[in-house]
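Engineer: Sending over model.txt (compact mmCIF, N, CA, C and O atoms).
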```
# COMPACT_ATOMS: atom_id res chain seq x y z
N MET A 261 -6.17 -5.79 14.74
CA MET A 261 -6.94 -5.47 13.55
C MET A 261 -6.15 -4.55 12.61
O MET A 261 -6.15 -4.75 11.42
N LEU A 262 -5.48 -3.54 13.21
CA LEU A 262 -4.68 -2.63 12.39
C LEU A 262 -3.53 -3.38 11.73
O LEU A 262 -3.16 -3.06 10.59
N LEU A 263 -2.97 -4.35 12.44
CA LEU A 263 -1.87 -5.13 11.88
C LEU A 263 -2.32 -5.87 10.62
O LEU A 263 -1.66 -5.82 9.58
N LEU A 264 -3.44 -6.54 10.71
CA LEU A 264 -3.95 -7.31 9.57
C LEU A 264 -4.30 -6.41 8.39
O LEU A 264 -3.91 -6.67 7.25
N ILE A 265 -5.01 -5.33 8.66
CA ILE A 265 -5.40 -4.40 7.59
C ILE A 265 -4.17 -3.76 6.95
O ILE A 265 -4.08 -3.63 5.73
N GLY A 266 -3.20 -3.38 7.78
CA GLY A 266 -1.97 -2.78 7.26
C GLY A 266 -1.20 -3.72 6.36
O GLY A 266 -0.75 -3.34 5.29
N LEU A 267 -1.07 -4.98 6.79
CA LEU A 267 -0.36 -5.96 5.97
C LEU A 267 -1.09 -6.23 4.66
O LEU A 267 -0.46 -6.33 3.60
N ILE A 268 -2.41 -6.34 4.73
CA ILE A 268 -3.19 -6.57 3.51
C ILE A 268 -3.04 -5.41 2.54
O ILE A 268 -2.86 -5.61 1.33
N LEU A 269 -3.10 -4.18 3.05
CA LEU A 269 -2.96 -3.01 2.18
C LEU A 269 -1.58 -2.95 1.54
O LEU A 269 -1.45 -2.60 0.35
N ILE A 270 -0.55 -3.28 2.29
CA ILE A 270 0.80 -3.27 1.72
C ILE A 270 0.92 -4.32 0.63
O ILE A 270 1.46 -4.05 -0.45
N ILE A 271 0.40 -5.50 0.88
CA ILE A 271 0.48 -6.57 -0.13
C ILE A 271 -0.30 -6.18 -1.39
O ILE A 271 0.18 -6.35 -2.51
N VAL A 272 -1.52 -5.65 -1.21
CA VAL A 272 -2.32 -5.24 -2.36
C VAL A 272 -1.63 -4.11 -3.13
O VAL A 272 -1.62 -4.11 -4.36
N GLY A 273 -1.05 -3.17 -2.40
CA GLY A 273 -0.33 -2.07 -3.05
C GLY A 273 0.83 -2.57 -3.90
O GLY A 273 1.03 -2.11 -5.02
N TYR A 274 1.59 -3.52 -3.37
CA TYR A 274 2.71 -4.07 -4.14
C TYR A 274 2.22 -4.88 -5.34
O TYR A 274 2.84 -4.85 -6.40
N ILE A 275 1.12 -5.60 -5.18
CA ILE A 275 0.57 -6.34 -6.31
C ILE A 275 0.16 -5.38 -7.42
O ILE A 275 0.45 -5.60 -8.60
N ILE A 276 -0.52 -4.30 -7.05
CA ILE A 276 -0.92 -3.29 -8.04
C ILE A 276 0.31 -2.66 -8.68
O ILE A 276 0.38 -2.49 -9.90
N LEU A 277 1.31 -2.35 -7.86
CA LEU A 277 2.51 -1.69 -8.37
C LEU A 277 3.29 -2.58 -9.33
O LEU A 277 3.76 -2.12 -10.38
N PHE A 278 3.43 -3.85 -9.01
CA PHE A 278 4.24 -4.73 -9.85
C PHE A 278 3.46 -5.35 -10.99
O PHE A 278 4.03 -6.09 -11.80
N SER A 279 2.16 -5.09 -11.08
CA SER A 279 1.40 -5.60 -12.21
C SER A 279 1.22 -4.53 -13.29
O SER A 279 0.42 -4.70 -14.21
N VAL A 280 1.97 -3.46 -13.20
CA VAL A 280 1.93 -2.41 -14.21
C VAL A 280 2.57 -2.94 -15.49
O VAL A 280 3.71 -3.40 -15.47
N PRO A 281 1.85 -2.91 -16.60
CA PRO A 281 2.43 -3.42 -17.85
C PRO A 281 3.50 -2.45 -18.38
O PRO A 281 3.33 -1.24 -18.33
N ALA A 282 4.58 -3.01 -18.86
CA ALA A 282 5.68 -2.18 -19.35
C ALA A 282 5.33 -1.45 -20.64
O ALA A 282 5.83 -0.36 -20.90
N ASP A 283 4.45 -2.03 -21.44
CA ASP A 283 4.12 -1.41 -22.72
C ASP A 283 2.73 -0.78 -22.72
O ASP A 283 2.16 -0.53 -23.78
N GLY A 284 2.19 -0.51 -21.52
CA GLY A 284 0.86 0.08 -21.42
C GLY A 284 0.88 1.57 -21.72
O GLY A 284 1.92 2.19 -21.91
N ALA A 285 -0.30 2.12 -21.77
CA ALA A 285 -0.42 3.56 -22.00
C ALA A 285 0.15 4.33 -20.80
O ALA A 285 0.10 3.86 -19.66
N TYR A 286 0.67 5.50 -21.08
CA TYR A 286 1.31 6.31 -20.04
C TYR A 286 0.34 6.62 -18.91
O TYR A 286 0.70 6.55 -17.74
N GLU A 287 -0.90 6.97 -19.26
CA GLU A 287 -1.88 7.34 -18.23
C GLU A 287 -2.18 6.16 -17.31
O GLU A 287 -2.26 6.31 -16.10
N ARG A 288 -2.32 4.97 -17.90
CA ARG A 288 -2.60 3.78 -17.10
C ARG A 288 -1.41 3.44 -16.22
O ARG A 288 -1.56 3.08 -15.06
N LEU A 289 -0.22 3.55 -16.79
CA LEU A 289 0.99 3.25 -16.05
C LEU A 289 1.12 4.15 -14.83
O LEU A 289 1.36 3.69 -13.72
N MET A 290 0.95 5.45 -15.03
CA MET A 290 1.08 6.40 -13.93
C MET A 290 -0.04 6.22 -12.90
O MET A 290 0.22 6.27 -11.69
N THR A 291 -1.26 6.02 -13.35
CA THR A 291 -2.37 5.84 -12.42
C THR A 291 -2.18 4.61 -11.56
O THR A 291 -2.34 4.65 -10.34
N GLN A 292 -1.80 3.50 -12.18
CA GLN A 292 -1.62 2.27 -11.44
C GLN A 292 -0.42 2.38 -10.49
O GLN A 292 -0.48 1.88 -9.36
N ALA A 293 0.64 3.02 -10.90
CA ALA A 293 1.80 3.19 -10.04
C ALA A 293 1.47 4.07 -8.84
O ALA A 293 1.85 3.76 -7.70
N ILE A 294 0.75 5.16 -9.07
CA ILE A 294 0.39 6.06 -7.97
C ILE A 294 -0.53 5.37 -6.98
O ILE A 294 -0.36 5.49 -5.77
N TRP A 295 -1.52 4.61 -7.48
CA TRP A 295 -2.42 3.87 -6.59
C TRP A 295 -1.66 2.83 -5.78
O TRP A 295 -1.89 2.66 -4.58
N GLY A 296 -0.75 2.10 -6.42
CA GLY A 296 0.02 1.09 -5.71
C GLY A 296 0.89 1.67 -4.61
O GLY A 296 0.92 1.17 -3.49
N ILE A 297 1.57 2.77 -4.92
CA ILE A 297 2.41 3.42 -3.93
C ILE A 297 1.55 4.00 -2.81
O ILE A 297 1.87 3.87 -1.62
N GLY A 298 0.43 4.63 -3.16
CA GLY A 298 -0.44 5.22 -2.15
C GLY A 298 -1.03 4.20 -1.19
O GLY A 298 -1.04 4.41 0.03
N ILE A 299 -1.49 3.08 -1.73
CA ILE A 299 -2.07 2.04 -0.88
C ILE A 299 -1.00 1.43 0.03
O ILE A 299 -1.26 1.16 1.21
N SER A 300 0.21 1.26 -0.48
CA SER A 300 1.30 0.74 0.35
C SER A 300 1.65 1.72 1.47
O SER A 300 1.92 1.30 2.61
N ILE A 301 1.64 3.01 1.19
CA ILE A 301 1.93 4.01 2.22
C ILE A 301 0.85 4.00 3.29
O ILE A 301 1.16 4.08 4.49
N VAL A 302 -0.40 3.90 2.90
CA VAL A 302 -1.49 3.84 3.87
C VAL A 302 -1.34 2.61 4.76
O VAL A 302 -1.51 2.68 5.98
N GLY A 303 -0.99 1.48 4.16
CA GLY A 303 -0.75 0.27 4.95
C GLY A 303 0.40 0.45 5.92
O GLY A 303 0.34 0.01 7.07
N GLY A 304 1.46 1.11 5.49
CA GLY A 304 2.60 1.39 6.37
C GLY A 304 2.23 2.30 7.52
O GLY A 304 2.68 2.11 8.66
N VAL A 305 1.41 3.29 7.25
CA VAL A 305 0.95 4.19 8.32
C VAL A 305 0.12 3.42 9.35
O VAL A 305 0.27 3.62 10.56
N LEU A 306 -0.74 2.53 8.88
CA LEU A 306 -1.53 1.72 9.81
C LEU A 306 -0.63 0.83 10.66
O LEU A 306 -0.89 0.65 11.86
N LEU A 307 0.42 0.28 10.07
CA LEU A 307 1.35 -0.52 10.85
C LEU A 307 2.09 0.33 11.88
O LEU A 307 2.33 -0.11 13.01
N MET A 308 2.45 1.57 11.51
CA MET A 308 3.10 2.45 12.47
C MET A 308 2.17 2.79 13.63
O MET A 308 2.60 2.85 14.79
N ILE A 309 0.91 3.02 13.34
CA ILE A 309 -0.07 3.28 14.40
C ILE A 309 -0.20 2.07 15.31
O ILE A 309 -0.25 2.19 16.54
N TYR A 310 -0.23 0.87 14.72
CA TYR A 310 -0.31 -0.36 15.50
C TYR A 310 0.88 -0.49 16.45
O TYR A 310 0.73 -0.79 17.63
N VAL A 311 2.09 -0.27 15.92
CA VAL A 311 3.30 -0.38 16.74
C VAL A 311 3.28 0.67 17.84
O VAL A 311 3.66 0.39 18.99
N TYR A 312 2.85 1.88 17.54
CA TYR A 312 2.79 2.94 18.53
C TYR A 312 1.83 2.58 19.66
O TYR A 312 2.14 2.75 20.84
N LYS A 313 0.66 2.06 19.31
CA LYS A 313 -0.32 1.68 20.34
C LYS A 313 0.18 0.51 21.18
O LYS A 313 -0.11 0.46 22.37
N ARG A 314 0.90 -0.42 20.56
CA ARG A 314 1.41 -1.57 21.30
C ARG A 314 2.57 -1.19 22.23
O ARG A 314 2.83 -1.87 23.21
N SER A 315 3.28 -0.11 21.93
CA SER A 315 4.44 0.27 22.72
C SER A 315 4.08 1.05 23.97
O SER A 315 4.92 1.26 24.83
N LYS A 316 2.83 1.46 24.09
CA LYS A 316 2.41 2.22 25.27
C LYS A 316 2.21 1.32 26.46
O LYS A 316 1.89 0.23 26.45
```
Have the structure of the file written as structure tokens, please.

Structural biologist:
Amino acid sequence: MLLLIGLILIIVGYIILFSVPADGAYERLMTQAIWGIGISIVGGVLLMIYVYKRSK
């Protein structure tokens, strides 16, 4: 379950990050970039937890 959720969060984070418009407002650009990076990091942490639990 953690594997699936982690992968989905990483994919969604990258979609949000790469859909930032180049000519958008600064506030929107920064907000969308921060959310994309944050969601990808959360997905990565979930994958690390999954790998840790599987290695025991």

Engineer: How would you write as an MDAnalysis selection string the residues that get within 7 Å of (-3.5, -1.3, 3.4) in the file's frame, counting only N, CA, C and O atoms?

Structural biologist: chainID A and resid 264:273 299:304

Engineer: Which of these residues is nearest to A:Ile275, using all atoms listed in the file: A:Gly296, A:Thr291, A:Leu262, A:Val311?

Structural biologist: A:Gly296

Engineer: Where does DSSP see alpha helix (DSSP H) in chain A, if you list the residues as an MDAnalysis selection string?

Structural biologist: chainID A and resid 262:278 286:315

Engineer: Record the distance separating atom N of A:Val305 and atom N of A:Val280, expressed in Å with one decimal.

Structural biologist: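 Atom N of A:Val305 sits 21.5 Å away from atom N of A:Val280.
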
Engineer: Report, in Å to a single decimal, how far apart atom N of A:Ile297 and atom N of A:Lys316 are.

Structural biologist: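 Separation of atom N of A:Lys316 and atom N of A:Ile297: 29.1 Å.
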
Engineer: Figure out the distance between atom N of A:Met261 and atom N of A:Ile309, please, to one decimal in Å.

Structural biologist: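 These atoms are spaced 11.4 Å apart.
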
Engineer: Can stretch 291-302 of chain A be brought up to all heavy atoms and written out as an mmCIF file, in the coordinates of the input?

Structural biologist:
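What landed in out04.cif:
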```cif
data_model
loop_
_atom_site.group_PDB
_atom_site.id
_atom_site.type_symbol
_atom_site.label_atom_id
_atom_site.label_comp_id
_atom_site.auth_asym_id
_atom_site.auth_seq_id
_atom_site.Cartn_x
_atom_site.Cartn_y
_atom_site.Cartn_z
ATOM 1 N N THR A 291 -1.260 6.020 -13.350
ATOM 2 C CA THR A 291 -2.370 5.840 -12.420
ATOM 3 C C THR A 291 -2.180 4.610 -11.560
ATOM 4 O O THR A 291 -2.340 4.650 -10.340
ATOM 5 C CB THR A 291 -3.696 5.716 -13.207
ATOM 6 O OG1 THR A 291 -3.859 6.872 -14.013
ATOM 7 C CG2 THR A 291 -4.867 5.577 -12.272
ATOM 8 N N GLN A 292 -1.800 3.500 -12.180
ATOM 9 C CA GLN A 292 -1.620 2.270 -11.440
ATOM 10 C C GLN A 292 -0.420 2.380 -10.490
ATOM 11 O O GLN A 292 -0.480 1.880 -9.360
ATOM 12 C CB GLN A 292 -1.423 1.110 -12.416
ATOM 13 C CG GLN A 292 -1.756 -0.230 -11.848
ATOM 14 C CD GLN A 292 -1.892 -1.285 -12.928
ATOM 15 O OE1 GLN A 292 -1.962 -0.978 -14.117
ATOM 16 N NE2 GLN A 292 -1.926 -2.533 -12.521
ATOM 17 N N ALA A 293 0.640 3.020 -10.900
ATOM 18 C CA ALA A 293 1.800 3.190 -10.040
ATOM 19 C C ALA A 293 1.470 4.070 -8.840
ATOM 20 O O ALA A 293 1.850 3.760 -7.700
ATOM 21 C CB ALA A 293 2.963 3.779 -10.830
ATOM 22 N N ILE A 294 0.750 5.160 -9.070
ATOM 23 C CA ILE A 294 0.390 6.060 -7.970
ATOM 24 C C ILE A 294 -0.530 5.370 -6.980
ATOM 25 O O ILE A 294 -0.360 5.490 -5.770
ATOM 26 C CB ILE A 294 -0.228 7.356 -8.531
ATOM 27 C CG1 ILE A 294 0.858 8.181 -9.217
ATOM 28 C CG2 ILE A 294 -0.898 8.163 -7.426
ATOM 29 C CD1 ILE A 294 0.338 9.367 -9.992
ATOM 30 N N TRP A 295 -1.520 4.610 -7.480
ATOM 31 C CA TRP A 295 -2.420 3.870 -6.590
ATOM 32 C C TRP A 295 -1.660 2.830 -5.780
ATOM 33 O O TRP A 295 -1.890 2.660 -4.580
ATOM 34 C CB TRP A 295 -3.553 3.214 -7.373
ATOM 35 C CG TRP A 295 -4.697 4.133 -7.599
ATOM 36 C CD1 TRP A 295 -5.006 4.772 -8.755
ATOM 37 C CD2 TRP A 295 -5.687 4.539 -6.641
ATOM 38 N NE1 TRP A 295 -6.125 5.541 -8.582
ATOM 39 C CE2 TRP A 295 -6.560 5.415 -7.293
ATOM 40 C CE3 TRP A 295 -5.893 4.239 -5.310
ATOM 41 C CZ2 TRP A 295 -7.639 6.004 -6.641
ATOM 42 C CZ3 TRP A 295 -6.968 4.821 -4.664
ATOM 43 C CH2 TRP A 295 -7.824 5.696 -5.326
ATOM 44 N N GLY A 296 -0.750 2.100 -6.420
ATOM 45 C CA GLY A 296 0.020 1.090 -5.710
ATOM 46 C C GLY A 296 0.890 1.670 -4.610
ATOM 47 O O GLY A 296 0.920 1.170 -3.490
ATOM 48 N N ILE A 297 1.570 2.770 -4.920
ATOM 49 C CA ILE A 297 2.410 3.420 -3.930
ATOM 50 C C ILE A 297 1.550 4.000 -2.810
ATOM 51 O O ILE A 297 1.870 3.870 -1.620
ATOM 52 C CB ILE A 297 3.263 4.526 -4.594
ATOM 53 C CG1 ILE A 297 4.290 3.895 -5.516
ATOM 54 C CG2 ILE A 297 3.948 5.391 -3.544
ATOM 55 C CD1 ILE A 297 5.002 4.881 -6.419
ATOM 56 N N GLY A 298 0.430 4.630 -3.160
ATOM 57 C CA GLY A 298 -0.440 5.220 -2.150
ATOM 58 C C GLY A 298 -1.030 4.200 -1.190
ATOM 59 O O GLY A 298 -1.040 4.410 0.030
ATOM 60 N N ILE A 299 -1.490 3.080 -1.730
ATOM 61 C CA ILE A 299 -2.070 2.040 -0.880
ATOM 62 C C ILE A 299 -1.000 1.430 0.030
ATOM 63 O O ILE A 299 -1.260 1.160 1.210
ATOM 64 C CB ILE A 299 -2.753 0.959 -1.749
ATOM 65 C CG1 ILE A 299 -4.002 1.547 -2.408
ATOM 66 C CG2 ILE A 299 -3.119 -0.260 -0.930
ATOM 67 C CD1 ILE A 299 -4.651 0.646 -3.425
ATOM 68 N N SER A 300 0.210 1.260 -0.480
ATOM 69 C CA SER A 300 1.300 0.740 0.350
ATOM 70 C C SER A 300 1.650 1.720 1.470
ATOM 71 O O SER A 300 1.920 1.300 2.610
ATOM 72 C CB SER A 300 2.536 0.471 -0.496
ATOM 73 O OG SER A 300 2.278 -0.540 -1.429
ATOM 74 N N ILE A 301 1.640 3.010 1.190
ATOM 75 C CA ILE A 301 1.930 4.010 2.220
ATOM 76 C C ILE A 301 0.850 4.000 3.290
ATOM 77 O O ILE A 301 1.160 4.080 4.490
ATOM 78 C CB ILE A 301 2.101 5.402 1.578
ATOM 79 C CG1 ILE A 301 3.405 5.450 0.792
ATOM 80 C CG2 ILE A 301 2.072 6.500 2.641
ATOM 81 C CD1 ILE A 301 3.596 6.711 -0.021
ATOM 82 N N VAL A 302 -0.400 3.900 2.900
ATOM 83 C CA VAL A 302 -1.490 3.840 3.870
ATOM 84 C C VAL A 302 -1.340 2.610 4.760
ATOM 85 O O VAL A 302 -1.510 2.680 5.980
ATOM 86 C CB VAL A 302 -2.871 3.857 3.172
ATOM 87 C CG1 VAL A 302 -3.990 3.541 4.143
ATOM 88 C CG2 VAL A 302 -3.105 5.199 2.506
#
```
